[in-house]
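Novice: Could you have a look at this structure, given as structure tokens, before my questions?
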Amino acid sequence: QVQLVESGGGLVQAGGSLTLSCAASGNIWRINAMGWYRQAPGKQRDLVAIIRESGNTNYAESVKGRFTISRDSGKNTVNLQMNSLKPEDTAVYFCNINFGWSSADVWGQGTQVTVSS
């Protein structure tokens, strides 16, 4: 069984920074990608950033230049450095791992990020 544990959320003023971390444990092999998604109240869950096994990354347009995703392959962790935070970044942030030949998905429990104006 694969589990994801997220940390690093909290309350920050606009313009501030936060770093989210996600550690994966369990029977993990062939990680295809790890990523961060977010969901604001009343809205759908959207991709924030993703990093693939190749090292290639993709970001939502709204966070490009402000957020950086990175992965420590040896520890099966993925981090999201968030700078220049804006009130519209307020959401619950979810970690995701896609792994195995069947491209199985596992989600973390979510961590709240609140940016005050």
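Identifiers in this document derive from the order of the structure tokens: chains are assigned A, B, ..., residues are numbered from 1 separately in each chain, and ligands are numbered from 1 in order of occurrence.
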From stretch 30-95 of chain A, collect each residue whose DSSP state is strand (DSSP E) and return the set as a ChimeraX atom specification.

Specialist: /A:31-39,46-52,57-59,67-72,77-82,91-95

Novice: Just the residues within 12 Å of stretch 31-34 of chain A, please, counting only C-alpha atoms, with nothing from its chain fewer than 4 positions along; format it as a PyMOL selection string.

Specialist: chain A and resi 2+4+21-25+27+47-58+69-74+76-80+94-108

Novice: For A:Val12, find every residue with an atom within 10 Å (counting only C-alpha atoms), except residues of its own chain fewer than 6 positions away, and show them as a list in words.

Specialist: Leu18, Leu85, Lys86, Pro87, Thr90, Val113, Thr114, Val115, Ser116 and Ser117 of chain A

Novice: What's around A:Gln44 at 12 Å? Count only C-alpha atoms, leave out sequence neighbours fewer than 5 positions away in its own chain, and write the answer as an NGL selection string.

Specialist: :A and (37-39 or 91-93)

Novice: Find, counting only C-alpha atoms, the residue in A:Ile28, A:Val5, A:Ala60, A:Leu11 that gets nearest to A:Asp46.

Specialist: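 Counting only C-alpha atoms, the residue closest to A:Asp46 is A:Ala60.
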
Novice: Between A:Thr68, A:Asn83, A:Thr111, A:Gln1, which residue has the minimum interatomic distance to A:Ala14, considering only C-alpha atoms?

Specialist: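 Nearest candidate to A:Ala14 out of A:Thr68, A:Asn83, A:Thr111, A:Gln1: A:Asn83.
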
Novice: Quick one: distance from atom CA of A:Arg45 to atom CA of A:Val63 in Å, one decimal?

Specialist: 15.0 Å

Novice: Skip A:Leu20 itself and residues of its chain fewer than 4 positions away, then list as a PDB file with all heavy atoms, in the first residue's frame all residues within 8 Å of it, counting only C-alpha atoms.

Specialist:
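Produced file result.pdb, reproduced below:
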ATOM      1  N   GLU A   6       1.872  14.768   3.443  1.00  0.00           N
ATOM      2  CA  GLU A   6       2.194  16.136   3.058  1.00  0.00           C
ATOM      3  C   GLU A   6       2.481  16.981   4.291  1.00  0.00           C
ATOM      4  O   GLU A   6       1.946  16.732   5.372  1.00  0.00           O
ATOM      5  CB  GLU A   6       1.021  16.748   2.291  1.00  0.00           C
ATOM      6  CG  GLU A   6       0.663  16.007   1.030  1.00  0.00           C
ATOM      7  CD  GLU A   6      -0.826  16.029   0.750  1.00  0.00           C
ATOM      8  OE1 GLU A   6      -1.596  16.188   1.710  1.00  0.00           O
ATOM      9  OE2 GLU A   6      -1.211  15.886  -0.420  1.00  0.00           O
ATOM     10  N   SER A   7       3.276  18.009   4.101  1.00  0.00           N
ATOM     11  CA  SER A   7       3.553  18.953   5.178  1.00  0.00           C
ATOM     12  C   SER A   7       3.924  20.291   4.569  1.00  0.00           C
ATOM     13  O   SER A   7       4.243  20.380   3.375  1.00  0.00           O
ATOM     14  CB  SER A   7       4.692  18.442   6.059  1.00  0.00           C
ATOM     15  OG  SER A   7       5.876  18.281   5.305  1.00  0.00           O
ATOM     16  N   GLY A   8       3.864  21.338   5.405  1.00  0.00           N
ATOM     17  CA  GLY A   8       4.348  22.638   4.983  1.00  0.00           C
ATOM     18  C   GLY A   8       3.298  23.684   4.698  1.00  0.00           C
ATOM     19  O   GLY A   8       3.632  24.832   4.417  1.00  0.00           O
ATOM     20  N   GLY A   9       2.033  23.317   4.753  1.00  0.00           N
ATOM     21  CA  GLY A   9       0.999  24.318   4.523  1.00  0.00           C
ATOM     22  C   GLY A   9       0.908  25.284   5.686  1.00  0.00           C
ATOM     23  O   GLY A   9       1.549  25.116   6.720  1.00  0.00           O
ATOM     24  N   ASN A  79       8.839  18.269  -3.545  1.00  0.00           N
ATOM     25  CA  ASN A  79       8.657  19.545  -2.868  1.00  0.00           C
ATOM     26  C   ASN A  79       8.102  20.587  -3.831  1.00  0.00           C
ATOM     27  O   ASN A  79       8.330  20.511  -5.044  1.00  0.00           O
ATOM     28  CB  ASN A  79       9.986  20.042  -2.305  1.00  0.00           C
ATOM     29  CG  ASN A  79      10.588  19.078  -1.304  1.00  0.00           C
ATOM     30  OD1 ASN A  79       9.901  18.603  -0.410  1.00  0.00           O
ATOM     31  ND2 ASN A  79      11.857  18.761  -1.466  1.00  0.00           N
ATOM     32  N   LEU A  80       7.406  21.539  -3.275  1.00  0.00           N
ATOM     33  CA  LEU A  80       6.894  22.660  -4.066  1.00  0.00           C
ATOM     34  C   LEU A  80       7.280  23.944  -3.345  1.00  0.00           C
ATOM     35  O   LEU A  80       6.743  24.253  -2.289  1.00  0.00           O
ATOM     36  CB  LEU A  80       5.373  22.571  -4.229  1.00  0.00           C
ATOM     37  CG  LEU A  80       4.759  23.632  -5.126  1.00  0.00           C
ATOM     38  CD1 LEU A  80       5.192  23.407  -6.588  1.00  0.00           C
ATOM     39  CD2 LEU A  80       3.243  23.617  -5.032  1.00  0.00           C
ATOM     40  N   GLN A  81       8.230  24.658  -3.916  1.00  0.00           N
ATOM     41  CA  GLN A  81       8.637  25.949  -3.375  1.00  0.00           C
ATOM     42  C   GLN A  81       7.725  27.008  -3.982  1.00  0.00           C
ATOM     43  O   GLN A  81       7.677  27.153  -5.209  1.00  0.00           O
ATOM     44  CB  GLN A  81      10.101  26.239  -3.734  1.00  0.00           C
ATOM     45  CG  GLN A  81      10.581  27.618  -3.314  1.00  0.00           C
ATOM     46  CD  GLN A  81      10.622  27.792  -1.811  1.00  0.00           C
ATOM     47  OE1 GLN A  81      11.067  26.917  -1.088  1.00  0.00           O
ATOM     48  NE2 GLN A  81      10.156  28.942  -1.331  1.00  0.00           N
ATOM     49  N   MET A  82       7.026  27.729  -3.126  1.00  0.00           N
ATOM     50  CA  MET A  82       6.065  28.719  -3.588  1.00  0.00           C
ATOM     51  C   MET A  82       6.516  30.106  -3.122  1.00  0.00           C
ATOM     52  O   MET A  82       6.600  30.363  -1.915  1.00  0.00           O
ATOM     53  CB  MET A  82       4.668  28.399  -3.027  1.00  0.00           C
ATOM     54  CG  MET A  82       4.198  26.993  -3.362  1.00  0.00           C
ATOM     55  SD  MET A  82       2.492  26.679  -2.829  1.00  0.00           S
ATOM     56  CE  MET A  82       2.687  26.761  -1.045  1.00  0.00           C
TER      57      MET A  82
END

Novice: Could you tell me how far atom CA of A:Gln109 sits from atom CA of A:Glu88, in Å to one decimal place?

Specialist: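 One can read the atom CA of A:Glu88 to atom CA of A:Gln109 distance as 21.0 Å.
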
Novice: Mind giving me the straight-line distance from atom CA of A:Lys43 to atom CA of A:Gln3 in Å, one decimal?

Specialist: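 It comes out at 25.2 Å.
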